[in-house]
Amino acid sequence: MRFSEKWLREWVNPSITTAELVAQLTMAGLEVDSAEPVAGQFSGVVVAEILSAERHPDAEKLQVCTVNVGAGETLSIVCGAANARAGIKIPCAKIGAVLPGNFVIKRAKLRGVESFGMLCAAAELGLAEASDGLLELPSDAPVGADIRDYLQLDDVALEVDLTPNRGDCLGIAGLAREVGVLNRAEVTQVNCAEVKQTITDVFPVDVVAKSHCPRYVGRVIRGVDLNKPTPGWMVERLRRSGIRSIDAVVDVTNYVLLELGQPMHAFDLNQLKGGIRVRLAHPGEKLKLLDGTEITLTPDSLVIADHARPLALAGVMGGEASGVSSDTVDLFLESAFFEPISIAGKARGFGLHTDSSHRFERGVDFELQRKAIERATALLLGIVGGKAGPVIEVASTEDLPHLPSIQLRRARIKRVLGFDIPDADVQEILERLGMDVVTTADGWHIVPPSYRFDVRIEVDLIEELGRIWGYNKLPTHLPQLEAFAPARSETTLALASLKQVLVDRDYQEVVTYSFVDKKFIELLTPEQKSVSLANPISADMSEMRTTLWAGLLKTAIHNLNRQQNRIRIFESGLAFTTLNGLEQTPRIAGLICGPLSEESWFGKSQSVDFFDIKGDVEALLALSGGAAEYAFEPGSHVALHPGQTAAILRHGEQVGHVGALHPVLQKSLDIQAKIYLFELVLAPVSRGILPRFKELSKYPEVRRDLAVIVDEKISAQAILKNVRESAGVLLTDLALFDVYQGANLEAGKKSIAFGVTLQDPSRTLQDEDVNPVIDRIVASLRENFKVTLRE
């Protein structure tokens, strides 16, 4: 909203500068976008009257004007304005005057005729961007008066950008109320006393759509003279508010809109048929608006109609057929309250935005309509004359907004704002804001005013107190928090530690959406039912992921399509399953493909294989200190290669999978590179073993290497597990160093070689100590796996 500072100060005039006023309003939540002078910098310009205007002897478009500039002084001035004529009053820049842009007026000769000054247009004084002719002043303007003083041009136009909840400040009255409470200054209310009716004429009003228009107020005014001009002071105030003067009736309705915040409309009474009806539009009805646009009304459009046709789009714009003109002598003046939801979006739906719709969409004071019509009536009778009939009011009490009763507690104020506001200040602030305040034992009982649609609960009141007190004045202090470090088990591995292991092994962390394409997730985990989103971002993000592989594969495909062939990525996050109701399981997963190492001069790197990713997983598992507790066993997974899949178990509990991407799935995803993946459930993997001190033996170790021939289907892991179980307490290390199949071995057989390290903490081991252990190991292997020792 744009308005004149001088106009505002007629309502409330605190002892602060313009800059302080701007800062004050902005800090109170009414952000001031601009503060600009209403006129350019000039001096030496006075009110003058053209006594005569004669054609220039040598120029068809110029006139030689005799101008009275006051104090009995007349000047001869050459002027090219088309509206220069005898009898009008205009601004005149005398010799020596300085106009905007530091333009100095000097004596000049135009086409042989001397000119002793300059007659000014509005643009030449910085009052407008452009103008067609001289700025014509009211006929009662005092000749010789300084134009700056006469038009009160030492003024600033302020523009406030209001949030949608502050429709109460879309008028000088609301802004003055805010300035008054901010400065604890008295506000001078405008006189809206009841205008005495001089005729008894009324016009029928029928509000059919009562829920959309709970209050409608109208009045008949007869015998107006629209040839009478709008007073200069009103024209100036409208101009400084960004509104162009049209005629006295329209100017008055616009003036009341700016002054009180109540949109109004005036109909030509003689164009109305039967009476006013406020109703919803009929399907297919058309209306030609004041701007000449014809619109087709929708069934949810609220209209002001008579008994024959729609007259106006309610709360937006009037119709052309019933608008006032220079021939209008009788008016029907309306002032209404429209329910904000009924008006919201209607103007935009027809490609419109008006001052009225802007206010009605945000909410207009539902008790303001009678006051506004009295104010407009008084102004109209004073300008265009006429006789006023009685006020016609139709109201639906049950459809009007309900004013809530709010309990405001002292303790709550302190808790929210962080300090105590004195009771007297609380009461004064709220009363100045127009609220009904009753003191209670623990606070106040508050009823907000009818113009504050945004105050409905206790915290709204506290926000008002903080806003008026000043957000910049609220005390600042560090919160007092108890230092509390939550207990964390020493045996629980931090996720950051697991991530660091992978980063150290040249992985990069990725973060992907938890929402995935349903078709994609069905390829990876068809046996699991995924969770569908009620309102997905898009069709390809409609399901919650059941595995982290969904995001990793998408990322891999994205990179492979951009010639990034070496990929080592991991992600930690939640997977969502529905086996036992909705479960969110923290997991960590990884993916590798491409060369094992970066390209270098050393030679071409071999491609990654199953054992590379298995080694990465083993490094993760070893972080717990319980690597021996894990086992890799042949497993199956729909998304993994049947022959290259291992289930990962800890104490017999499955904690994850590792393997190569299934060839069928790889083909369906159009992936050319070989991809390997792993996924682990975080909870069991994060359980570590608390380290315990064990004294180092000062006696030497004894190592014996064994090579056994076994059936090729027997895993090395099973052999090593058996060795650990049969070796006893002297075993300190067991290392697999060779697996061989080929020449010198029978078909279907393989050789497994491993080193057994033995040590006693109290003595040096002799052959008689070591040989029984080795014999026990061999005997156990022969019994369980039918092995033979390889010579």
# chains A, B, ... in the order shown; residues from 1 in each chain; ligands from 1
call {"tool": "residues_around", "arguments": {"residues": "Asn83 in chain A", "least_positions_apart": "3", "cutoff": "12 Å", "atoms": "only C-alpha atoms", "output": "MDAnalysis selection string"}}
result
chainID A and resid 50 53 61:63 65 79:80 86:90 119:121 131:136
call {"tool": "select_by_dssp", "arguments": {"residues": "range 422-670 of chain A", "states": "helix (DSSP H, G or I)", "output": "number ranges by chain"}}
result
A: 423-432, 458-469, 471-473, 495-504, 518-524, 539-541, 549-560, 610-622, 627-629, 663-668
call {"tool": "closest_atom_pairs", "arguments": {"of": "range 164-250 of chain A", "to": "range 356-377 of chain A", "cutoff": "9 Å", "atoms": "only C-alpha atoms", "output": "Markdown table"}}
result
| residue | atom | partner | partner_atom | distance |
| --- | --- | --- | --- | --- |
| A:Pro164 | CA | A:Arg362 | CA | 6.0 |
| A:Asn165 | CA | A:Arg362 | CA | 6.6 |
| A:Arg166 | CA | A:Arg362 | CA | 7.5 |
| A:Gly167 | CA | A:Arg362 | CA | 5.2 |
| A:Asp168 | CA | A:Val364 | CA | 6.9 |
| A:Leu170 | CA | A:Arg359 | CA | 7.0 |
| A:Val190 | CA | A:Arg375 | CA | 8.6 |
| A:Asn191 | CA | A:Arg375 | CA | 7.3 |
| A:Cys192 | CA | A:Arg375 | CA | 4.9 |
| A:Ala193 | CA | A:Glu374 | CA | 6.7 |
| A:Glu194 | CA | A:Glu374 | CA | 5.7 |
| A:Val195 | CA | A:Glu374 | CA | 6.0 |
| A:Pro214 | CA | A:Phe366 | CA | 8.6 |
| A:Arg215 | CA | A:Phe366 | CA | 7.5 |
| A:Tyr216 | CA | A:Gln369 | CA | 7.7 |
| A:Val217 | CA | A:Gln369 | CA | 6.5 |
| A:Gly218 | CA | A:Ile373 | CA | 7.5 |
| A:Arg219 | CA | A:Ile373 | CA | 7.8 |
| A:Ile221 | CA | A:Thr377 | CA | 8.1 |
call {"tool": "write_last_selection", "arguments": {"atoms": "N, CA, C and O atoms", "output": "mmCIF file, in the first residue's frame"}}
result
data_model
loop_
_atom_site.group_PDB
_atom_site.id
_atom_site.type_symbol
_atom_site.label_atom_id
_atom_site.label_comp_id
_atom_site.auth_asym_id
_atom_site.auth_seq_id
_atom_site.Cartn_x
_atom_site.Cartn_y
_atom_site.Cartn_z
ATOM 1 N N PRO A 164 -0.014 -11.215 4.055
ATOM 2 C CA PRO A 164 -1.441 -11.457 3.819
ATOM 3 C C PRO A 164 -2.323 -11.389 5.061
ATOM 4 O O PRO A 164 -3.527 -11.159 4.943
ATOM 5 N N ASN A 165 -1.752 -11.591 6.251
ATOM 6 C CA ASN A 165 -2.571 -11.582 7.468
ATOM 7 C C ASN A 165 -2.862 -10.178 7.982
ATOM 8 O O ASN A 165 -3.633 -10.019 8.917
ATOM 9 N N ARG A 166 -2.232 -9.150 7.390
ATOM 10 C CA ARG A 166 -2.408 -7.798 7.911
ATOM 11 C C ARG A 166 -3.265 -6.933 6.993
ATOM 12 O O ARG A 166 -2.910 -5.806 6.638
ATOM 13 N N GLY A 167 -4.420 -7.449 6.609
ATOM 14 C CA GLY A 167 -5.353 -6.662 5.809
ATOM 15 C C GLY A 167 -5.886 -5.460 6.558
ATOM 16 O O GLY A 167 -6.368 -4.500 5.953
ATOM 17 N N ASP A 168 -5.795 -5.471 7.917
ATOM 18 C CA ASP A 168 -6.279 -4.344 8.704
ATOM 19 C C ASP A 168 -5.446 -3.085 8.493
ATOM 20 O O ASP A 168 -5.881 -1.985 8.845
ATOM 21 N N LEU A 170 -4.422 -2.050 5.474
ATOM 22 C CA LEU A 170 -4.589 -1.577 4.096
ATOM 23 C C LEU A 170 -5.453 -0.326 4.068
ATOM 24 O O LEU A 170 -6.331 -0.165 3.223
ATOM 25 N N VAL A 190 -11.149 9.977 12.160
ATOM 26 C CA VAL A 190 -11.882 10.788 11.203
ATOM 27 C C VAL A 190 -13.363 10.834 11.610
ATOM 28 O O VAL A 190 -13.880 9.910 12.242
ATOM 29 N N ASN A 191 -14.024 11.922 11.254
ATOM 30 C CA ASN A 191 -15.439 12.082 11.604
ATOM 31 C C ASN A 191 -16.303 11.254 10.650
ATOM 32 O O ASN A 191 -16.397 11.536 9.462
ATOM 33 N N CYS A 192 -16.920 10.217 11.206
ATOM 34 C CA CYS A 192 -17.826 9.370 10.420
ATOM 35 C C CYS A 192 -19.225 9.399 11.025
ATOM 36 O O CYS A 192 -19.919 8.370 11.091
ATOM 37 N N ALA A 193 -19.606 10.576 11.481
ATOM 38 C CA ALA A 193 -20.915 10.713 12.123
ATOM 39 C C ALA A 193 -22.035 10.416 11.125
ATOM 40 O O ALA A 193 -21.873 10.555 9.908
ATOM 41 N N GLU A 194 -23.183 10.022 11.652
ATOM 42 C CA GLU A 194 -24.320 9.694 10.809
ATOM 43 C C GLU A 194 -24.791 10.930 10.051
ATOM 44 O O GLU A 194 -24.965 11.999 10.617
ATOM 45 N N VAL A 195 -24.957 10.774 8.751
ATOM 46 C CA VAL A 195 -25.442 11.865 7.901
ATOM 47 C C VAL A 195 -26.967 11.907 7.978
ATOM 48 O O VAL A 195 -27.638 10.881 7.812
ATOM 49 N N PRO A 214 -22.309 -11.742 4.240
ATOM 50 C CA PRO A 214 -23.077 -11.636 5.480
ATOM 51 C C PRO A 214 -23.600 -10.236 5.792
ATOM 52 O O PRO A 214 -24.514 -10.090 6.589
ATOM 53 N N ARG A 215 -23.005 -9.210 5.175
ATOM 54 C CA ARG A 215 -23.507 -7.845 5.440
ATOM 55 C C ARG A 215 -23.420 -7.027 4.156
ATOM 56 O O ARG A 215 -22.393 -6.996 3.483
ATOM 57 N N TYR A 216 -24.539 -6.348 3.845
ATOM 58 C CA TYR A 216 -24.601 -5.479 2.671
ATOM 59 C C TYR A 216 -25.289 -4.192 3.095
ATOM 60 O O TYR A 216 -26.394 -4.216 3.642
ATOM 61 N N VAL A 217 -24.603 -3.074 2.840
ATOM 62 C CA VAL A 217 -25.129 -1.762 3.225
ATOM 63 C C VAL A 217 -25.218 -0.895 1.980
ATOM 64 O O VAL A 217 -24.285 -0.873 1.158
ATOM 65 N N GLY A 218 -26.339 -0.195 1.814
ATOM 66 C CA GLY A 218 -26.510 0.666 0.652
ATOM 67 C C GLY A 218 -27.220 1.969 1.015
ATOM 68 O O GLY A 218 -27.773 2.117 2.107
ATOM 69 N N ARG A 219 -27.194 2.909 0.095
ATOM 70 C CA ARG A 219 -27.881 4.199 0.324
ATOM 71 C C ARG A 219 -28.158 4.867 -1.018
ATOM 72 O O ARG A 219 -27.326 4.841 -1.937
ATOM 73 N N ILE A 221 -28.639 8.305 -3.066
ATOM 74 C CA ILE A 221 -28.319 9.740 -3.048
ATOM 75 C C ILE A 221 -28.816 10.323 -4.366
ATOM 76 O O ILE A 221 -28.389 9.901 -5.446
#
call {"tool": "residues_around", "arguments": {"residues": "Gly351 in chain A", "least_positions_apart": "6", "cutoff": "12 Å", "atoms": "only C-alpha atoms", "output": "list of chain:residue names"}}
result
A:Thr293, A:Glu294, A:Ile295, A:Val316, A:Gly345, A:Ser357
call {"tool": "write_last_selection", "arguments": {"atoms": "N, CA and C atoms", "output": "short mmCIF file (atom, residue, chain, number, x, y, z; two decimals), in the first residue's frame"}}
result
data_model
loop_
_atom_site.label_atom_id
_atom_site.label_comp_id
_atom_site.auth_asym_id
_atom_site.auth_seq_id
_atom_site.Cartn_x
_atom_site.Cartn_y
_atom_site.Cartn_z
N THR A 293 -13.48 -5.12 -20.39
CA THR A 293 -13.31 -6.56 -20.58
C THR A 293 -14.64 -7.29 -20.35
N GLU A 294 -14.98 -8.19 -21.26
CA GLU A 294 -16.18 -9.01 -21.06
C GLU A 294 -15.75 -10.39 -20.56
N ILE A 295 -16.35 -10.82 -19.47
CA ILE A 295 -15.99 -12.12 -18.89
C ILE A 295 -17.23 -13.02 -18.85
N VAL A 316 -14.55 -7.35 -6.65
CA VAL A 316 -13.48 -7.24 -7.64
C VAL A 316 -13.62 -5.97 -8.48
N GLY A 345 -9.00 -15.69 -4.98
CA GLY A 345 -8.71 -16.33 -6.26
C GLY A 345 -9.64 -15.97 -7.40
N SER A 357 -10.26 -6.34 -4.61
CA SER A 357 -10.02 -7.78 -4.42
C SER A 357 -8.85 -8.01 -3.49
#
call {"tool": "residues_around", "arguments": {"residues": "range 31-38 of chain A", "least_positions_apart": "3", "cutoff": "8 Å", "atoms": "only C-alpha atoms", "output": "ChimeraX atom specification"}}
result
/A:22-23,25-28,126-127,153-162,240
call {"tool": "residues_around", "arguments": {"residues": "Leu682 in chain A", "least_positions_apart": "2", "cutoff": "6 Å", "atoms": "only C-alpha atoms", "output": "PyMOL selection string"}}
result
chain A and resi 586-587+684-686
call {"tool": "write_last_selection", "arguments": {"atoms": "all heavy atoms", "output": "mmCIF file, in the first residue's frame"}}
result
data_model
loop_
_atom_site.group_PDB
_atom_site.id
_atom_site.type_symbol
_atom_site.label_atom_id
_atom_site.label_comp_id
_atom_site.auth_asym_id
_atom_site.auth_seq_id
_atom_site.Cartn_x
_atom_site.Cartn_y
_atom_site.Cartn_z
ATOM 1 N N PRO A 586 17.850 -49.543 9.708
ATOM 2 C CA PRO A 586 19.094 -48.875 9.280
ATOM 3 C C PRO A 586 20.029 -49.888 8.621
ATOM 4 O O PRO A 586 20.252 -50.991 9.155
ATOM 5 C CB PRO A 586 19.681 -48.339 10.586
ATOM 6 C CG PRO A 586 18.551 -48.335 11.565
ATOM 7 C CD PRO A 586 17.675 -49.476 11.171
ATOM 8 N N ARG A 587 20.564 -49.526 7.474
ATOM 9 C CA ARG A 587 21.451 -50.429 6.737
ATOM 10 C C ARG A 587 22.616 -49.647 6.155
ATOM 11 O O ARG A 587 22.595 -48.415 6.078
ATOM 12 C CB ARG A 587 20.693 -51.138 5.609
ATOM 13 C CG ARG A 587 19.542 -52.008 6.096
ATOM 14 C CD ARG A 587 18.910 -52.779 4.946
ATOM 15 N NE ARG A 587 17.723 -53.518 5.383
ATOM 16 C CZ ARG A 587 17.006 -54.286 4.592
ATOM 17 N NH1 ARG A 587 17.347 -54.436 3.320
ATOM 18 N NH2 ARG A 587 15.938 -54.928 5.060
ATOM 19 N N PRO A 684 23.251 -55.535 13.981
ATOM 20 C CA PRO A 684 24.182 -56.605 14.373
ATOM 21 C C PRO A 684 25.628 -56.316 13.997
ATOM 22 O O PRO A 684 26.549 -56.718 14.710
ATOM 23 C CB PRO A 684 23.651 -57.832 13.639
ATOM 24 C CG PRO A 684 22.846 -57.304 12.498
ATOM 25 C CD PRO A 684 22.277 -56.014 12.969
ATOM 26 N N VAL A 685 25.824 -55.608 12.893
ATOM 27 C CA VAL A 685 27.186 -55.307 12.455
ATOM 28 C C VAL A 685 27.858 -54.318 13.401
ATOM 29 O O VAL A 685 29.085 -54.310 13.552
ATOM 30 C CB VAL A 685 27.160 -54.764 11.004
ATOM 31 C CG1 VAL A 685 28.514 -54.253 10.580
ATOM 32 C CG2 VAL A 685 26.677 -55.854 10.053
ATOM 33 N N SER A 686 27.046 -53.474 14.048
ATOM 34 C CA SER A 686 27.599 -52.449 14.933
ATOM 35 C C SER A 686 27.944 -52.984 16.320
ATOM 36 O O SER A 686 28.492 -52.246 17.140
ATOM 37 C CB SER A 686 26.598 -51.287 15.066
ATOM 38 O OG SER A 686 26.352 -50.694 13.817
#
call {"tool": "closest_atom_pairs", "arguments": {"of": "range 586-638 of chain A", "to": "range 717-741 of chain A", "cutoff": "12 Å", "atoms": "only C-alpha atoms", "output": "CSV"}}
result
residue,atom,partner,partner_atom,distance
A:Ala628,CA,A:Lys721,CA,8.9
A:Glu629,CA,A:Lys721,CA,10.3
A:Tyr630,CA,A:Gln717,CA,10.4
A:Ala631,CA,A:Gln717,CA,7.7
A:Phe632,CA,A:Gln717,CA,7.9
A:Glu633,CA,A:Gln717,CA,8.7
A:Pro634,CA,A:Gln717,CA,11.2
call {"tool": "select_by_dssp", "arguments": {"residues": "range 258-357 of chain A", "states": "strand (DSSP E)", "output": "VMD selection string"}}
result
chain A and resid 264 to 268 276 to 280 286 to 288 294 to 296 302 to 305 310 to 313 317 to 318 330 to 337
call {"tool": "write_last_selection", "arguments": {"atoms": "C-alpha atoms", "output": "PDB file, in the first residue's frame"}}
result
ATOM      1  CA  MET A 264     -16.993   0.713  -2.027  1.00  0.00           C
ATOM      2  CA  HIS A 265     -18.862   1.054  -5.282  1.00  0.00           C
ATOM      3  CA  ALA A 266     -21.355   3.553  -6.695  1.00  0.00           C
ATOM      4  CA  PHE A 267     -24.039   2.567  -9.221  1.00  0.00           C
ATOM      5  CA  ASP A 268     -26.019   4.853 -11.472  1.00  0.00           C
ATOM      6  CA  ILE A 276     -30.196  -5.281  -5.805  1.00  0.00           C
ATOM      7  CA  ARG A 277     -29.612  -9.021  -5.566  1.00  0.00           C
ATOM      8  CA  VAL A 278     -26.403 -10.495  -4.174  1.00  0.00           C
ATOM      9  CA  ARG A 279     -26.182 -13.998  -5.593  1.00  0.00           C
ATOM     10  CA  LEU A 280     -23.972 -16.561  -7.291  1.00  0.00           C
ATOM     11  CA  LYS A 286     -21.585 -12.624 -19.088  1.00  0.00           C
ATOM     12  CA  LEU A 287     -20.506  -9.314 -17.601  1.00  0.00           C
ATOM     13  CA  LYS A 288     -18.738  -6.380 -19.219  1.00  0.00           C
ATOM     14  CA  GLU A 294     -16.177  -9.010 -21.063  1.00  0.00           C
ATOM     15  CA  ILE A 295     -15.995 -12.116 -18.886  1.00  0.00           C
ATOM     16  CA  THR A 296     -18.027 -15.323 -18.726  1.00  0.00           C
ATOM     17  CA  LEU A 302     -20.398 -13.958  -6.497  1.00  0.00           C
ATOM     18  CA  VAL A 303     -22.140 -11.096  -8.306  1.00  0.00           C
ATOM     19  CA  ILE A 304     -24.066  -7.959  -7.467  1.00  0.00           C
ATOM     20  CA  ALA A 305     -27.078  -8.036  -9.780  1.00  0.00           C
ATOM     21  CA  PRO A 310     -25.348  -8.952 -13.224  1.00  0.00           C
ATOM     22  CA  LEU A 311     -24.010  -5.497 -12.397  1.00  0.00           C
ATOM     23  CA  ALA A 312     -20.630  -6.196 -10.802  1.00  0.00           C
ATOM     24  CA  LEU A 313     -18.235  -8.994  -9.933  1.00  0.00           C
ATOM     25  CA  MET A 317     -14.855  -4.731 -10.173  1.00  0.00           C
ATOM     26  CA  GLY A 318     -18.065  -3.050 -11.219  1.00  0.00           C
ATOM     27  CA  ASP A 330     -28.863   9.670  -8.808  1.00  0.00           C
ATOM     28  CA  LEU A 331     -26.556   7.195  -7.066  1.00  0.00           C
ATOM     29  CA  PHE A 332     -26.866   3.936  -5.238  1.00  0.00           C
ATOM     30  CA  LEU A 333     -23.864   3.674  -2.951  1.00  0.00           C
ATOM     31  CA  GLU A 334     -22.860   0.221  -1.643  1.00  0.00           C
ATOM     32  CA  SER A 335     -20.531  -0.985   1.087  1.00  0.00           C
ATOM     33  CA  ALA A 336     -20.374  -4.719   1.834  1.00  0.00           C
ATOM     34  CA  PHE A 337     -18.547  -7.419   3.738  1.00  0.00           C
TER      35      PHE A 337
END
call {"tool": "residues_around", "arguments": {"residues": "Glu398 in chain A", "least_positions_apart": "3", "cutoff": "10 Å", "atoms": "only C-alpha atoms", "output": "VMD selection string"}}
result
chain A and resid 210 to 211 214 395 401 to 402
call {"tool": "residues_around", "arguments": {"residues": "Tyr255 in chain A", "least_positions_apart": "6", "cutoff": "10 Å", "atoms": "only C-alpha atoms", "output": "list of chain:residue names"}}
result
A:Gly171, A:Met234, A:Val235, A:Arg237, A:Leu238, A:Ser241, A:Ile243, A:Val249, A:Gly261, A:Gln262, A:Pro263, A:Met264, A:Ala376, A:Leu379
call {"tool": "closest_residue", "arguments": {"among": "A:Ser325, A:Thr757, A:Asn13, A:Asn254", "to": "Asp225 in chain A", "atoms": "only C-alpha atoms"}}
result
A:Ser325
call {"tool": "closest_residue", "arguments": {"among": "A:Val510, A:Leu623, A:Ala673, A:Val778", "to": "Ser607 in chain A", "atoms": "only C-alpha atoms"}}
result
A:Ala673
call {"tool": "atom_distance", "arguments": {"atom1": "CA of Ala411 in chain A", "atom2": "CA of Pro448 in chain A"}}
result
20.4 Å
call {"tool": "atom_distance", "arguments": {"atom1": "CA of Ala441 in chain A", "atom2": "CA of Val459 in chain A"}}
result
18.9 Å
call {"tool": "closest_residue", "arguments": {"among": "A:Leu75, A:Ala378, A:Ala483, A:Val207", "to": "Asp306 in chain A", "atoms": "only C-alpha atoms"}}
result
A:Val207
call {"tool": "atom_distance", "arguments": {"atom1": "CA of Ala388 in chain A", "atom2": "CA of Leu290 in chain A"}}
result
25.2 Å
call {"tool": "decode", "arguments": {"residues": "range 64-88 of chain A", "atoms": "N, CA and C atoms", "output": "mmCIF file, in the first residue's frame"}}
result
data_model
loop_
_atom_site.group_PDB
_atom_site.id
_atom_site.type_symbol
_atom_site.label_atom_id
_atom_site.label_comp_id
_atom_site.auth_asym_id
_atom_site.auth_seq_id
_atom_site.Cartn_x
_atom_site.Cartn_y
_atom_site.Cartn_z
ATOM 1 N N VAL A 64 1.128 33.346 -26.456
ATOM 2 C CA VAL A 64 1.722 34.369 -25.583
ATOM 3 C C VAL A 64 0.703 34.656 -24.499
ATOM 4 N N CYS A 65 1.071 34.298 -23.252
ATOM 5 C CA CYS A 65 0.139 34.412 -22.133
ATOM 6 C C CYS A 65 0.516 35.573 -21.233
ATOM 7 N N THR A 66 -0.518 36.292 -20.822
ATOM 8 C CA THR A 66 -0.329 37.311 -19.791
ATOM 9 C C THR A 66 -0.722 36.664 -18.475
ATOM 10 N N VAL A 67 0.207 36.636 -17.530
ATOM 11 C CA VAL A 67 0.039 35.835 -16.316
ATOM 12 C C VAL A 67 0.153 36.711 -15.084
ATOM 13 N N ASN A 68 -0.840 36.568 -14.181
ATOM 14 C CA ASN A 68 -0.808 37.259 -12.894
ATOM 15 C C ASN A 68 -0.112 36.342 -11.897
ATOM 16 N N VAL A 69 1.035 36.774 -11.346
ATOM 17 C CA VAL A 69 1.791 35.963 -10.390
ATOM 18 C C VAL A 69 1.681 36.516 -8.974
ATOM 19 N N GLY A 70 0.749 37.438 -8.753
ATOM 20 C CA GLY A 70 0.524 37.960 -7.411
ATOM 21 C C GLY A 70 1.234 39.276 -7.167
ATOM 22 N N ALA A 71 0.783 39.962 -6.106
ATOM 23 C CA ALA A 71 1.363 41.254 -5.695
ATOM 24 C C ALA A 71 1.305 42.260 -6.836
ATOM 25 N N GLY A 72 0.247 42.181 -7.662
ATOM 26 C CA GLY A 72 0.064 43.130 -8.744
ATOM 27 C C GLY A 72 1.023 42.960 -9.892
ATOM 28 N N GLU A 73 1.765 41.882 -9.928
ATOM 29 C CA GLU A 73 2.777 41.677 -10.965
ATOM 30 C C GLU A 73 2.211 40.787 -12.064
ATOM 31 N N THR A 74 2.358 41.224 -13.302
ATOM 32 C CA THR A 74 1.959 40.401 -14.446
ATOM 33 C C THR A 74 3.171 40.166 -15.326
ATOM 34 N N LEU A 75 3.214 38.955 -15.905
ATOM 35 C CA LEU A 75 4.349 38.573 -16.747
ATOM 36 C C LEU A 75 3.848 38.106 -18.097
ATOM 37 N N SER A 76 4.686 38.302 -19.103
ATOM 38 C CA SER A 76 4.402 37.782 -20.445
ATOM 39 C C SER A 76 5.240 36.529 -20.622
ATOM 40 N N ILE A 77 4.544 35.414 -20.835
ATOM 41 C CA ILE A 77 5.240 34.122 -20.925
ATOM 42 C C ILE A 77 4.749 33.387 -22.159
ATOM 43 N N VAL A 78 5.701 32.892 -22.952
ATOM 44 C CA VAL A 78 5.378 32.094 -24.133
ATOM 45 C C VAL A 78 5.213 30.640 -23.694
ATOM 46 N N CYS A 79 4.107 30.026 -24.124
ATOM 47 C CA CYS A 79 3.781 28.658 -23.665
ATOM 48 C C CYS A 79 3.280 27.821 -24.833
ATOM 49 N N GLY A 80 3.660 26.541 -24.850
ATOM 50 C CA GLY A 80 3.246 25.646 -25.932
ATOM 51 C C GLY A 80 2.197 24.629 -25.520
ATOM 52 N N ALA A 81 1.695 24.700 -24.276
ATOM 53 C CA ALA A 81 0.722 23.714 -23.800
ATOM 54 C C ALA A 81 -0.628 23.921 -24.471
ATOM 55 N N ALA A 82 -1.251 22.829 -24.857
ATOM 56 C CA ALA A 82 -2.531 22.912 -25.564
ATOM 57 C C ALA A 82 -3.642 23.415 -24.665
ATOM 58 N N ASN A 83 -3.537 23.183 -23.334
ATOM 59 C CA ASN A 83 -4.620 23.589 -22.441
ATOM 60 C C ASN A 83 -4.416 24.971 -21.831
ATOM 61 N N ALA A 84 -3.424 25.718 -22.318
ATOM 62 C CA ALA A 84 -3.210 27.084 -21.816
ATOM 63 C C ALA A 84 -4.349 27.964 -22.307
ATOM 64 N N ARG A 85 -5.094 28.585 -21.361
ATOM 65 C CA ARG A 85 -6.238 29.420 -21.721
ATOM 66 C C ARG A 85 -6.503 30.406 -20.585
ATOM 67 N N ALA A 86 -7.193 31.429 -20.915
ATOM 68 C CA ALA A 86 -7.480 32.474 -19.927
ATOM 69 C C ALA A 86 -8.402 31.928 -18.842
ATOM 70 N N GLY A 87 -8.124 32.312 -17.595
ATOM 71 C CA GLY A 87 -8.999 31.979 -16.481
ATOM 72 C C GLY A 87 -8.544 30.812 -15.629
ATOM 73 N N ILE A 88 -7.604 30.024 -16.096
ATOM 74 C CA ILE A 88 -7.150 28.884 -15.274
ATOM 75 C C ILE A 88 -5.969 29.281 -14.409
#
